[in-house]
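Okay, data-v2.cif now, which holds mmCIF, C-alpha atoms:
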```cif
data_upload
#
loop_
_atom_site.label_atom_id
_atom_site.label_comp_id
_atom_site.auth_asym_id
_atom_site.auth_seq_id
_atom_site.Cartn_x
_atom_site.Cartn_y
_atom_site.Cartn_z
CA MET B 10 -52.93 -60.06 -64.50
CA ASN B 11 -54.40 -57.25 -62.42
CA PHE B 12 -50.91 -55.85 -61.81
CA TRP B 13 -50.17 -55.50 -65.52
CA ALA B 14 -53.63 -54.14 -66.24
CA LEU B 15 -53.35 -51.46 -63.57
CA ALA B 16 -49.83 -50.63 -64.75
CA LEU B 17 -51.27 -50.00 -68.22
CA LEU B 18 -53.87 -47.62 -66.79
CA LEU B 19 -51.23 -45.78 -64.77
CA LEU B 20 -49.07 -45.49 -67.90
CA VAL B 21 -51.87 -43.53 -69.60
CA PHE B 22 -51.38 -40.75 -67.05
CA ILE B 23 -47.60 -41.00 -66.76
CA SER B 24 -47.06 -40.89 -70.52
CA LYS B 25 -48.66 -37.43 -70.70
CA LEU B 26 -46.90 -35.80 -67.74
CA SER B 27 -44.60 -32.82 -68.24
CA LEU B 28 -41.60 -32.82 -65.91
CA ALA B 29 -40.40 -29.37 -66.87
CA PHE B 30 -40.54 -28.38 -63.21
CA LEU B 31 -37.80 -30.95 -62.56
CA GLY B 32 -35.60 -29.44 -65.26
CA LEU B 33 -36.23 -32.16 -67.84
CA PRO B 34 -35.33 -30.89 -71.34
CA TRP B 35 -37.89 -30.36 -74.12
CA GLN B 36 -36.49 -33.27 -76.15
CA ALA B 37 -33.73 -35.82 -75.74
CA SER B 38 -33.32 -38.42 -78.47
CA PHE B 39 -36.12 -41.03 -78.42
CA PHE B 40 -36.56 -40.87 -74.66
CA VAL B 41 -37.88 -37.40 -73.84
CA PHE B 42 -40.34 -35.24 -75.76
CA GLN B 43 -42.10 -32.10 -74.53
CA HIS B 44 -40.50 -32.53 -71.09
CA GLY B 45 -41.99 -36.00 -70.69
CA LEU B 46 -42.10 -39.53 -72.04
CA HIS B 47 -41.46 -39.76 -75.77
CA PRO B 48 -44.46 -41.05 -77.81
CA TYR B 49 -42.35 -43.88 -79.22
CA LEU B 50 -41.55 -45.06 -75.69
CA ASN B 51 -45.22 -44.70 -74.80
CA LEU B 52 -46.14 -47.12 -77.59
CA PHE B 53 -43.30 -49.47 -76.64
CA PHE B 54 -44.39 -49.63 -72.98
CA ASN B 55 -48.00 -50.17 -74.07
CA PHE B 56 -46.86 -53.24 -75.97
CA LEU B 57 -44.51 -54.42 -73.22
CA LEU B 58 -47.05 -54.11 -70.40
CA GLY B 59 -49.95 -55.27 -72.51
CA LEU B 60 -48.37 -58.44 -73.84
CA PRO B 61 -48.69 -60.45 -70.56
CA VAL B 62 -52.33 -59.38 -70.26
CA VAL B 63 -53.14 -60.37 -73.84
CA LEU B 64 -51.38 -63.74 -73.54
CA GLY B 65 -53.25 -64.45 -70.30
CA VAL B 66 -56.61 -63.72 -71.91
CA LEU B 67 -55.85 -65.71 -75.06
CA GLU B 68 -54.96 -68.67 -72.86
CA HIS B 69 -58.44 -68.43 -71.35
CA HIS B 70 -60.27 -67.34 -74.50
CA ARG B 71 -63.68 -67.91 -72.97
CA LYS B 72 -63.28 -64.56 -71.23
CA PHE B 73 -64.09 -62.95 -74.56
CA GLN B 74 -67.60 -64.29 -74.22
CA SER B 75 -68.21 -61.75 -71.46
CA LEU B 76 -68.23 -59.06 -74.15
CA GLY B 77 -71.36 -58.63 -76.22
CA ARG B 78 -71.28 -60.35 -79.59
CA VAL B 79 -72.45 -57.25 -81.46
CA TYR B 80 -69.69 -55.15 -79.93
CA ARG B 81 -67.02 -57.75 -80.71
CA THR B 82 -68.26 -57.95 -84.28
CA GLN B 83 -68.20 -54.16 -84.63
CA VAL B 84 -64.62 -53.92 -83.39
CA PHE B 85 -63.36 -56.74 -85.62
CA LEU B 86 -65.14 -55.12 -88.58
CA LEU B 87 -63.21 -51.96 -87.73
CA PHE B 88 -59.93 -53.87 -87.80
CA MET B 89 -60.80 -55.38 -91.19
CA LEU B 90 -61.92 -52.01 -92.55
CA LEU B 91 -58.75 -50.23 -91.45
CA PHE B 92 -56.54 -53.00 -92.82
CA LEU B 93 -58.24 -53.11 -96.24
CA GLU B 94 -58.26 -49.33 -96.57
CA THR B 95 -54.61 -49.04 -95.54
CA LEU B 96 -53.77 -51.68 -98.13
CA LEU B 97 -55.68 -49.82 -100.86
CA GLN B 98 -54.26 -46.46 -99.78
CA PHE B 99 -50.76 -47.95 -99.94
CA ALA B 100 -51.42 -49.31 -103.44
CA LEU B 101 -53.30 -46.37 -104.97
CA LEU B 102 -52.23 -43.20 -103.15
CA GLU B 103 -48.66 -42.15 -103.76
CA HIS B 104 -48.22 -40.19 -100.52
CA MET B 105 -49.33 -43.25 -98.49
CA ARG B 106 -46.50 -45.55 -99.58
CA GLY B 107 -44.23 -45.01 -96.61
CA PRO B 108 -43.83 -47.50 -93.74
CA TYR B 109 -45.51 -45.19 -91.25
CA SER B 110 -49.00 -46.02 -92.50
CA TRP B 111 -48.50 -49.66 -91.52
CA ALA B 112 -46.91 -48.68 -88.21
CA ALA B 113 -49.93 -46.49 -87.46
CA LEU B 114 -52.28 -49.36 -88.32
CA LEU B 115 -50.44 -51.76 -86.01
CA SER B 116 -50.35 -49.24 -83.18
CA THR B 117 -54.01 -48.33 -83.52
CA SER B 118 -55.14 -51.95 -83.76
CA TRP B 119 -53.05 -52.99 -80.77
CA LEU B 120 -54.33 -50.23 -78.49
CA ILE B 121 -57.97 -50.68 -79.46
CA PHE B 122 -57.61 -54.44 -79.04
CA LEU B 123 -55.89 -53.99 -75.68
CA PHE B 124 -58.13 -51.33 -74.14
CA GLY B 125 -61.38 -52.05 -75.95
CA LEU B 126 -61.39 -55.86 -75.78
CA ILE B 127 -58.76 -57.24 -73.41
CA LEU B 128 -58.74 -55.02 -70.32
CA PRO B 129 -62.55 -55.02 -69.82
CA THR B 130 -62.48 -58.83 -69.71
CA VAL B 131 -59.56 -58.93 -67.23
CA LEU B 132 -60.08 -56.03 -64.84
CA GLU B 133 -63.24 -55.86 -62.77
CA PRO B 134 -65.20 -52.65 -63.49
CA ARG B 135 -65.22 -51.70 -59.80
CA VAL B 136 -61.42 -52.06 -59.58
CA ALA B 137 -60.92 -49.99 -62.74
CA LEU B 138 -63.26 -47.24 -61.56
CA ARG B 139 -61.59 -47.02 -58.14
CA PHE B 140 -58.08 -46.96 -59.63
CA LEU B 141 -58.90 -44.36 -62.30
CA SER B 142 -60.73 -42.18 -59.80
CA HIS B 143 -57.80 -42.22 -57.39
CA CYS B 144 -55.21 -41.61 -60.13
CA SER B 145 -57.14 -38.70 -61.62
CA LEU B 146 -57.63 -37.07 -58.20
CA VAL B 147 -53.93 -37.42 -57.38
CA PHE B 148 -52.89 -35.74 -60.63
CA VAL B 149 -55.55 -33.03 -60.25
CA VAL B 150 -54.18 -32.21 -56.79
CA LEU B 151 -50.59 -32.26 -58.10
CA SER B 152 -51.61 -29.97 -60.96
CA LEU B 153 -53.28 -27.46 -58.68
CA GLY B 154 -50.33 -27.66 -56.28
CA LEU B 155 -47.90 -26.92 -59.14
CA TRP B 156 -50.15 -24.01 -60.12
CA LEU B 157 -49.65 -22.48 -56.68
CA ALA B 158 -45.89 -23.16 -56.70
CA ARG B 159 -44.99 -22.51 -60.36
CA PRO B 160 -47.90 -20.84 -62.20
CA ASP B 161 -45.58 -20.08 -65.14
CA LEU B 162 -45.41 -23.81 -65.95
CA THR B 163 -49.11 -24.63 -65.67
CA PHE B 164 -50.71 -22.46 -68.35
CA LYS B 165 -50.48 -22.58 -72.11
CA GLY B 166 -52.25 -19.92 -74.16
CA GLY B 167 -54.10 -18.74 -71.07
CA ARG B 168 -55.47 -22.23 -70.38
CA PHE B 169 -54.57 -24.55 -67.54
CA ILE B 170 -52.46 -27.61 -68.39
CA GLY B 171 -51.39 -28.44 -64.85
CA ILE B 172 -48.72 -31.10 -64.66
CA PHE B 173 -49.48 -32.40 -68.17
CA LYS B 174 -48.03 -31.65 -71.59
CA HIS B 175 -51.18 -30.26 -73.21
CA ILE B 176 -54.64 -28.95 -72.39
CA PRO B 177 -56.63 -32.06 -73.53
CA TYR B 178 -54.78 -34.26 -71.05
CA MET B 179 -55.65 -31.98 -68.14
CA VAL B 180 -59.25 -31.89 -69.37
CA THR B 181 -59.45 -35.69 -69.55
CA CYS B 182 -57.91 -36.13 -66.09
CA ALA B 183 -60.24 -33.56 -64.48
CA SER B 184 -63.29 -35.03 -66.25
CA LEU B 185 -62.48 -38.46 -64.84
CA GLY B 186 -61.92 -36.83 -61.46
CA VAL B 187 -65.48 -35.49 -61.51
CA ILE B 188 -67.48 -38.28 -63.12
CA LEU B 189 -65.80 -41.46 -61.90
CA THR B 190 -65.42 -40.11 -58.39
CA LEU B 191 -69.21 -39.86 -58.25
CA GLY B 192 -69.15 -43.65 -58.33
CA ARG B 193 -66.70 -43.77 -55.43
CA PHE B 194 -68.80 -41.29 -53.44
CA GLN B 195 -71.81 -43.55 -53.97
CA GLU B 196 -69.91 -46.66 -52.87
CA VAL B 197 -68.22 -45.49 -49.66
CA LYS B 198 -70.22 -44.94 -46.47
CA HIS B 199 -67.74 -43.38 -44.04
CA PRO B 200 -68.38 -39.61 -43.61
CA LEU B 201 -64.66 -38.72 -43.82
CA ALA B 202 -64.23 -40.70 -47.06
CA ARG B 203 -67.28 -39.00 -48.55
CA LEU B 204 -65.92 -35.61 -47.52
CA LEU B 205 -62.58 -36.33 -49.21
CA TYR B 206 -64.26 -37.53 -52.40
CA SER B 207 -66.50 -34.44 -52.41
CA LEU B 208 -63.40 -32.27 -52.10
CA GLY B 209 -61.80 -34.20 -54.97
CA ILE B 210 -64.82 -33.59 -57.19
CA ALA B 211 -64.76 -29.88 -56.31
CA LEU B 212 -61.04 -29.58 -57.09
CA SER B 213 -61.57 -31.41 -60.40
CA PHE B 214 -64.25 -28.87 -61.26
CA VAL B 215 -61.78 -26.06 -60.45
CA ALA B 216 -59.20 -27.63 -62.77
CA LEU B 217 -61.80 -27.99 -65.54
CA LEU B 218 -62.85 -24.38 -65.15
CA LEU B 219 -59.23 -23.22 -65.39
CA THR B 220 -58.79 -25.11 -68.67
CA GLY B 221 -61.58 -23.01 -70.17
CA THR B 222 -62.94 -26.06 -72.00
CA ARG B 223 -66.63 -25.36 -72.43
CA SER B 224 -67.75 -28.76 -73.70
CA ALA B 225 -65.98 -30.72 -70.94
CA LEU B 226 -67.33 -28.41 -68.24
CA ALA B 227 -70.86 -28.80 -69.58
CA ALA B 228 -70.41 -32.60 -69.74
CA ALA B 229 -69.24 -32.71 -66.11
CA VAL B 230 -72.23 -30.66 -64.94
CA MET B 231 -74.63 -32.86 -66.92
CA ALA B 232 -73.00 -35.99 -65.45
CA CYS B 233 -73.67 -34.69 -61.94
CA VAL B 234 -77.31 -33.99 -62.86
CA LEU B 235 -77.76 -37.49 -64.32
CA TRP B 236 -76.10 -39.05 -61.30
CA VAL B 237 -78.38 -37.19 -58.88
CA LEU B 238 -81.46 -38.22 -60.87
CA ARG B 239 -80.39 -41.81 -61.41
CA VAL B 240 -78.70 -43.01 -58.24
CA PRO B 241 -81.09 -44.61 -55.71
CA ALA B 242 -81.18 -43.26 -52.18
CA LEU B 243 -81.88 -46.08 -49.75
CA LYS B 244 -81.01 -44.26 -46.54
CA ALA B 245 -82.68 -41.13 -45.20
CA ARG B 246 -79.49 -39.05 -45.29
CA ASP B 247 -78.89 -40.03 -48.93
CA ARG B 248 -82.45 -39.10 -49.84
CA TYR B 249 -82.06 -35.71 -48.15
CA LEU B 250 -78.80 -35.14 -50.03
CA LYS B 251 -80.39 -36.11 -53.33
CA TYR B 252 -83.45 -33.92 -52.76
CA ALA B 253 -81.23 -31.03 -51.66
CA LEU B 254 -79.08 -31.25 -54.78
CA SER B 255 -82.15 -31.56 -56.99
CA LEU B 256 -83.67 -28.51 -55.28
CA VAL B 257 -80.48 -26.48 -55.73
CA ILE B 258 -80.35 -27.36 -59.42
CA MET B 259 -84.02 -26.54 -59.92
CA VAL B 260 -83.81 -23.21 -58.07
CA SER B 261 -80.62 -22.27 -59.93
CA VAL B 262 -82.28 -22.95 -63.28
CA LEU B 263 -85.41 -20.98 -62.31
CA LEU B 264 -83.52 -17.98 -60.95
CA PHE B 265 -80.42 -17.89 -63.13
CA GLY B 266 -81.33 -20.07 -66.10
CA ASN B 267 -81.81 -17.18 -68.53
CA ALA B 268 -78.62 -15.43 -67.42
CA MET B 269 -76.64 -18.69 -67.60
CA ALA B 270 -78.00 -19.41 -71.09
CA GLU B 271 -77.05 -15.93 -72.28
CA TYR B 272 -73.58 -16.24 -70.78
CA ALA B 273 -73.09 -19.68 -72.35
CA ARG B 274 -74.18 -18.29 -75.73
CA ASP B 275 -71.82 -15.32 -75.40
CA VAL B 276 -68.92 -17.63 -74.49
CA ALA B 277 -69.72 -19.97 -77.39
CA THR B 278 -69.92 -17.10 -79.89
CA GLY B 279 -66.83 -15.28 -78.63
CA LYS B 280 -68.51 -12.27 -77.04
CA LYS B 281 -67.13 -13.26 -73.64
CA SER B 282 -64.19 -15.31 -72.46
CA LEU B 283 -64.17 -18.25 -70.06
CA VAL B 284 -61.67 -17.61 -67.24
CA GLU B 285 -58.31 -16.74 -68.90
CA ARG B 286 -59.11 -18.34 -72.23
CA GLU B 287 -59.18 -15.83 -75.06
CA ALA B 288 -62.69 -15.15 -76.34
CA GLN B 289 -63.39 -17.21 -79.44
CA ASP B 290 -66.42 -17.76 -81.63
CA GLY B 291 -66.53 -21.51 -81.12
CA VAL B 292 -69.44 -22.01 -83.51
CA ALA B 293 -67.83 -20.17 -86.43
CA SER B 294 -64.37 -21.66 -85.85
CA ARG B 295 -65.80 -25.19 -85.60
CA MET B 296 -67.75 -24.77 -88.84
CA ALA B 297 -64.62 -23.48 -90.60
CA GLU B 298 -62.71 -26.57 -89.44
CA VAL B 299 -65.56 -28.85 -90.53
CA GLU B 300 -65.57 -27.22 -93.98
CA ARG B 301 -61.80 -27.65 -94.33
CA GLY B 302 -62.15 -31.27 -93.25
CA TRP B 303 -64.95 -31.86 -95.75
CA GLU B 304 -62.80 -30.46 -98.57
CA TYR B 305 -59.97 -32.76 -97.53
CA PHE B 306 -62.38 -35.71 -97.38
CA GLN B 307 -63.60 -35.04 -100.95
CA LYS B 308 -60.08 -35.55 -102.30
CA SER B 309 -60.48 -39.27 -101.60
CA PRO B 310 -64.09 -39.94 -100.54
CA TRP B 311 -63.97 -43.73 -100.78
CA LEU B 312 -60.48 -44.52 -99.49
CA GLY B 313 -59.84 -41.59 -97.18
CA GLN B 314 -56.43 -40.16 -96.31
CA GLY B 315 -55.36 -42.71 -93.72
CA LEU B 316 -54.73 -42.75 -89.97
CA LEU B 317 -51.94 -40.17 -90.26
CA ALA B 318 -54.06 -37.55 -92.03
CA LYS B 319 -53.49 -35.08 -89.17
CA PHE B 320 -49.72 -35.19 -89.64
CA ASP B 321 -47.66 -33.32 -92.20
CA GLY B 322 -46.76 -36.45 -94.11
CA THR B 323 -45.98 -40.13 -93.92
CA ASP B 324 -42.63 -40.37 -95.69
CA SER B 325 -40.64 -38.44 -93.06
CA LEU B 326 -42.93 -38.41 -90.07
CA GLU B 327 -41.88 -36.49 -86.97
CA VAL B 328 -43.84 -36.58 -83.74
CA ASN B 329 -43.81 -32.78 -83.53
CA SER B 330 -45.46 -32.47 -86.96
CA TYR B 331 -48.91 -33.18 -85.50
CA ASP B 332 -51.30 -30.27 -85.94
CA SER B 333 -54.47 -30.38 -83.83
CA PHE B 334 -56.05 -27.73 -86.05
CA LYS B 335 -56.21 -30.32 -88.83
CA ASP B 336 -58.90 -32.14 -86.85
CA PRO B 337 -62.21 -31.64 -88.69
CA HIS B 338 -63.98 -31.30 -85.30
CA ASN B 339 -66.78 -33.55 -86.44
CA ILE B 340 -66.71 -37.29 -85.95
CA PHE B 341 -68.35 -38.08 -89.30
CA VAL B 342 -66.05 -35.82 -91.32
CA SER B 343 -63.13 -37.16 -89.29
CA ALA B 344 -64.16 -40.73 -90.17
CA GLY B 345 -64.42 -39.73 -93.82
CA VAL B 346 -60.96 -38.18 -93.83
CA VAL B 347 -59.45 -41.32 -92.27
CA GLY B 348 -61.38 -44.02 -94.12
CA GLY B 349 -63.89 -42.51 -96.56
CA TRP B 350 -67.57 -43.42 -96.82
CA PRO B 351 -67.16 -47.00 -95.47
CA PHE B 352 -65.80 -45.65 -92.21
CA ILE B 353 -68.59 -43.05 -91.99
CA VAL B 354 -71.18 -45.84 -92.23
CA TRP B 355 -69.34 -47.86 -89.56
CA THR B 356 -69.25 -44.78 -87.32
CA ILE B 357 -73.01 -44.26 -87.56
CA LEU B 358 -73.64 -47.88 -86.58
CA PHE B 359 -71.15 -47.75 -83.72
CA LEU B 360 -72.60 -44.53 -82.28
CA ALA B 361 -76.05 -46.13 -82.30
CA LEU B 362 -74.62 -49.14 -80.43
CA LEU B 363 -72.82 -46.87 -77.97
CA LEU B 364 -76.00 -44.92 -77.24
CA LEU B 365 -77.94 -48.14 -76.66
CA THR B 366 -75.32 -49.69 -74.35
CA SER B 367 -74.99 -46.43 -72.40
CA PHE B 368 -78.70 -46.40 -71.62
CA ARG B 369 -78.59 -50.10 -70.83
CA ALA B 370 -75.82 -49.49 -68.30
CA MET B 371 -77.77 -46.67 -66.68
CA ILE B 372 -80.81 -48.88 -66.03
CA SER B 373 -78.72 -51.78 -64.74
CA GLN B 374 -78.42 -52.86 -61.12
CA ASP B 375 -74.67 -52.28 -61.06
CA PRO B 376 -73.80 -48.81 -59.67
CA VAL B 377 -70.36 -48.92 -61.29
CA MET B 378 -71.90 -49.57 -64.69
CA GLN B 379 -74.32 -46.74 -64.07
CA VAL B 380 -71.39 -44.34 -63.72
CA PHE B 381 -69.71 -45.73 -66.85
CA GLY B 382 -73.00 -45.28 -68.68
CA ILE B 383 -73.26 -41.67 -67.50
CA TYR B 384 -69.65 -41.04 -68.56
CA ALA B 385 -70.33 -42.38 -72.05
CA LEU B 386 -73.60 -40.47 -72.45
CA VAL B 387 -72.10 -37.09 -71.60
CA GLN B 388 -69.06 -37.80 -73.76
CA ILE B 389 -71.04 -38.71 -76.89
CA PRO B 390 -71.69 -35.04 -77.82
CA ILE B 391 -67.98 -34.34 -77.31
CA LEU B 392 -67.12 -37.28 -79.57
CA ILE B 393 -69.43 -35.90 -82.24
CA ILE B 394 -68.02 -32.36 -82.21
CA TYR B 395 -64.37 -33.41 -82.12
CA HIS B 396 -62.97 -36.41 -83.99
CA TRP B 397 -62.64 -40.18 -84.00
CA HIS B 398 -60.37 -41.45 -81.24
CA LEU B 399 -58.38 -44.04 -83.14
CA SER B 400 -55.64 -44.33 -80.59
CA LEU B 401 -52.03 -43.75 -81.52
CA GLY B 402 -51.22 -43.44 -77.83
CA GLY B 403 -53.51 -40.63 -76.74
CA MET B 404 -55.00 -40.27 -73.27
CA ALA B 405 -58.72 -39.84 -73.91
CA ASP B 406 -58.47 -42.40 -76.74
CA ARG B 407 -57.54 -45.23 -74.42
CA PHE B 408 -60.06 -44.33 -71.72
CA TYR B 409 -62.87 -44.08 -74.27
CA TRP B 410 -62.19 -47.55 -75.62
CA LEU B 411 -61.90 -48.94 -72.10
CA VAL B 412 -65.35 -47.58 -71.23
CA PHE B 413 -66.76 -48.85 -74.55
CA GLY B 414 -65.57 -52.34 -73.58
CA TYR B 415 -67.07 -52.17 -70.10
CA LEU B 416 -70.41 -51.05 -71.52
CA ALA B 417 -70.40 -54.10 -73.79
CA LEU B 418 -70.12 -56.57 -70.91
CA SER B 419 -72.99 -58.99 -71.38
CA ARG B 420 -73.44 -59.50 -67.61
CA ILE B 421 -75.10 -56.09 -67.27
CA ASN B 422 -78.59 -56.74 -65.93
CA TRP B 423 -81.45 -54.98 -67.69
CA VAL B 424 -83.83 -55.28 -64.76
CA ARG B 425 -83.41 -53.18 -61.66
#
```
Written as structure tokens, how would this file's structure read?
Amino acid sequence: MNFWALALLLLVFISKLSLAFLGLPWQASFFVFQHGLHPYLNLFFNFLLGLPVVLGVLEHHRKFQSLGRVYRTQVFLLFMLLFLETLLQFALLEHMRGPYSWAALLSTSWLIFLFGLILPTVLEPRVALRFLSHCSLVFVVLSLGLWLARPDLTFKGGRFIGIFKHIPYMVTCASLGVILTLGRFQEVKHPLARLLYSLGIALSFVALLLTGTRSALAAAVMACVLWVLRVPALKARDRYLKYALSLVIMVSVLLFGNAMAEYARDVATGKKSLVEREAQDGVASRMAEVERGWEYFQKSPWLGQGLLAKFDGTDSLEVNSYDSFKDPHNIFVSAGVVGGWPFIVWTILFLALLLLTSFRAMISQDPVMQVFGIYALVQIPILIIYHWHLSLGGMADRFYWLVFGYLALSRINWVR
């Protein structure tokens, strides 16, 4: 089953590639969209590749016991909640009576089931981390290479998209390239391998900086800090490296902390730009989006507006009707828009569970789980200021649920 599981992880990257540099058209029937794989084909391949993995796990259902009972209960409660609310939305809300609401429910449930429950029980965490680290580094290098060869194809709105269709995909790939590669750097011992992984982390940072994504860049820096503070150094050279990095961080904060804080504040409030990204008051714009989302939520506070709330409609849905600016940019408002107050309550409980399991992973004996715990911890603020990742085939959506599942593995040891 490892083959099918790894194929699913590779599909996450492939489904978001833009092959415009090969002359692929913008759209061609149900096969090509935005110079890459059409979203409908993405969902189809997720089902096709995932079916053998699911059948294999169901045949050996005891594998589910490796996931924590609380986590399993939370996920199945989510399935029940989404089903009941979709049923009520279909019955009571006129604009929700098209077939797309049910298609969205099936797609979301399948992908969360597959990545959040099945894959963590099939694929060893170490294998997943190594594969994702290598894939992300390959696509980071390809993106930077395309930037040198065809810079006209690698920027959108002054922000780096690399070889992908949109900015968020490049951000997700580069973030994995930084954080998960820290786990590989910790695992390998050969100097050449460590040098290559260090170069990969540096290039991933370059790609992140070019995207101009402030939150992801801050998360990557914080992940490095947590890794330096958390990872044990058993050999003298590792201790020297750890102390050197800690010293550099401390000296940088002491000497440039005030200037860095002022620059970060100016970037956040739109007084200065980050790389080529147009200066934008991120605080004001986020609050405006939260307010719009809250107004939308109040139209149906108990039932919500359904999984397709960010699309123009459900009766004649087109894949190009998605509008990212409809995201409330707040996970609680986002939950309310999708599923009303019941989903907001579920979200609060799940975030508390995620925080607990992240810390549990960080104090475990397993270095791979430590890295997954760090990844989740630095992503929690991003989750809160963006939206709920109820996957309809997105990139970050699937990786988030995969990490959630790994953090719920009951074999994590509490004692060091």
Quiz item: Contacts of region 62-65 of chain B at 8 Å or less, counting all atoms listed in the file, minus same-chain residues fewer than 3 places along, as a list in words?
Solution: Met10, Trp13, Ala14, Leu58, Gly59, Glu68, His69, Leu123, Ile127, Leu128 and Val131 of chain B
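Distances here use all atoms listed in the file; by that measure, the residue among B:Leu15, B:Ala225, B:Leu86, B:Val136 closest to Trp355 (chain B) is B:Leu86.
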* **Residue neighbourhood region 231-235 of chain B, 9 Å, all atoms listed in the file, exclusion window fewer than 3 positions, as a ChimeraX atom specification** => /B:187-188,191,226-228,238-240,254-255,258,380,383-384,386-387
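In this comparison, which uses only C-alpha atoms, the residue of B:His47, B:Trp111, B:Phe194, B:Ile176 approaching Trp35 (chain B) most closely is B:His47.
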Using only C-alpha atoms, the best pick from B:Ala318, B:Leu26, B:Leu362, B:Val230 as closest to Pro177 (chain B) would be B:Leu26
Hey, what's within 12 Å of Leu212 (chain B) if we count only C-alpha atoms and toss same-chain stuff fewer than 6 positions away? As a compact mmCIF listing (two decimals) with C-alpha atoms, in the coordinates of the input, please?
```txt
# COMPACT_ATOMS: atom_id res chain seq x y z
CA SER B 145 -57.14 -38.70 -61.62
CA LEU B 146 -57.63 -37.07 -58.20
CA VAL B 147 -53.93 -37.42 -57.38
CA PHE B 148 -52.89 -35.74 -60.63
CA VAL B 149 -55.55 -33.03 -60.25
CA VAL B 150 -54.18 -32.21 -56.79
CA LEU B 151 -50.59 -32.26 -58.10
CA SER B 152 -51.61 -29.97 -60.96
CA LEU B 153 -53.28 -27.46 -58.68
CA GLY B 154 -50.33 -27.66 -56.28
CA CYS B 182 -57.91 -36.13 -66.09
CA ALA B 183 -60.24 -33.56 -64.48
CA SER B 184 -63.29 -35.03 -66.25
CA LEU B 185 -62.48 -38.46 -64.84
CA GLY B 186 -61.92 -36.83 -61.46
CA VAL B 187 -65.48 -35.49 -61.51
CA THR B 190 -65.42 -40.11 -58.39
CA LEU B 205 -62.58 -36.33 -49.21
CA TYR B 206 -64.26 -37.53 -52.40
CA LEU B 218 -62.85 -24.38 -65.15
CA LEU B 219 -59.23 -23.22 -65.39
```
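Taking CA of Ala385 (chain B) and CA of Ser367 (chain B) as endpoints, the distance between them is 6.2 Å.
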Rows by chain and residue number, region 21-124 of chain B within 8 Å of region 165-174 of chain B, shortest pair, all atoms listed in the file, as a tab-separated table:
```
residue	atom	partner	partner_atom	distance
B:Lys25	CA	B:Phe173	CA	5.7
B:Leu26	CA	B:Phe173	CA	4.3
B:Ser27	CA	B:Phe173	CA	4.9
B:Leu28	CA	B:Ile172	CA	7.4
B:Gln43	CA	B:Lys174	CA	6.6
B:His44	CA	B:Lys174	CA	7.6
B:Gly45	CA	B:Lys174	CA	7.5
```
- Given the file shown, enumerate the residues that the PyMOL selection byres ((chain B and resi 307) around 12) captures and present them as a PyMOL selection string. chain B and resi 300-306+308-314+342-343+345-350
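Using only C-alpha atoms, the smallest distance between any of B:Cys144, B:Ile121, B:Leu157, B:Ile357 and Ser400 (chain B) comes from B:Ile121.
Shortest separation to Phe122 (chain B) among B:Met378, B:Leu93, B:Leu87, B:Ile389 occurs at residue B:Leu87, atoms counted being only C-alpha atoms.
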Contact residues around Thr356 (chain B) with all atoms listed in the file at 9 Å, ignoring same-chain residues under 3 positions, as a list in words | Ile340, Phe341, Ala344, Pro351, Phe352, Ile353, Phe359, Leu360, Ala361 and Trp397 of chain B
- Name the residues that the PyMOL selection byres ((chain B and resi 368) around 10) pulls out of this structure, and write them as number ranges by chain. B: 363-367, 369-373, 379, 382-383, 385-386, 416, 423
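Between CA of Tyr409 (chain B) and CA of Ile391 (chain B) the separation is 11.4 Å.
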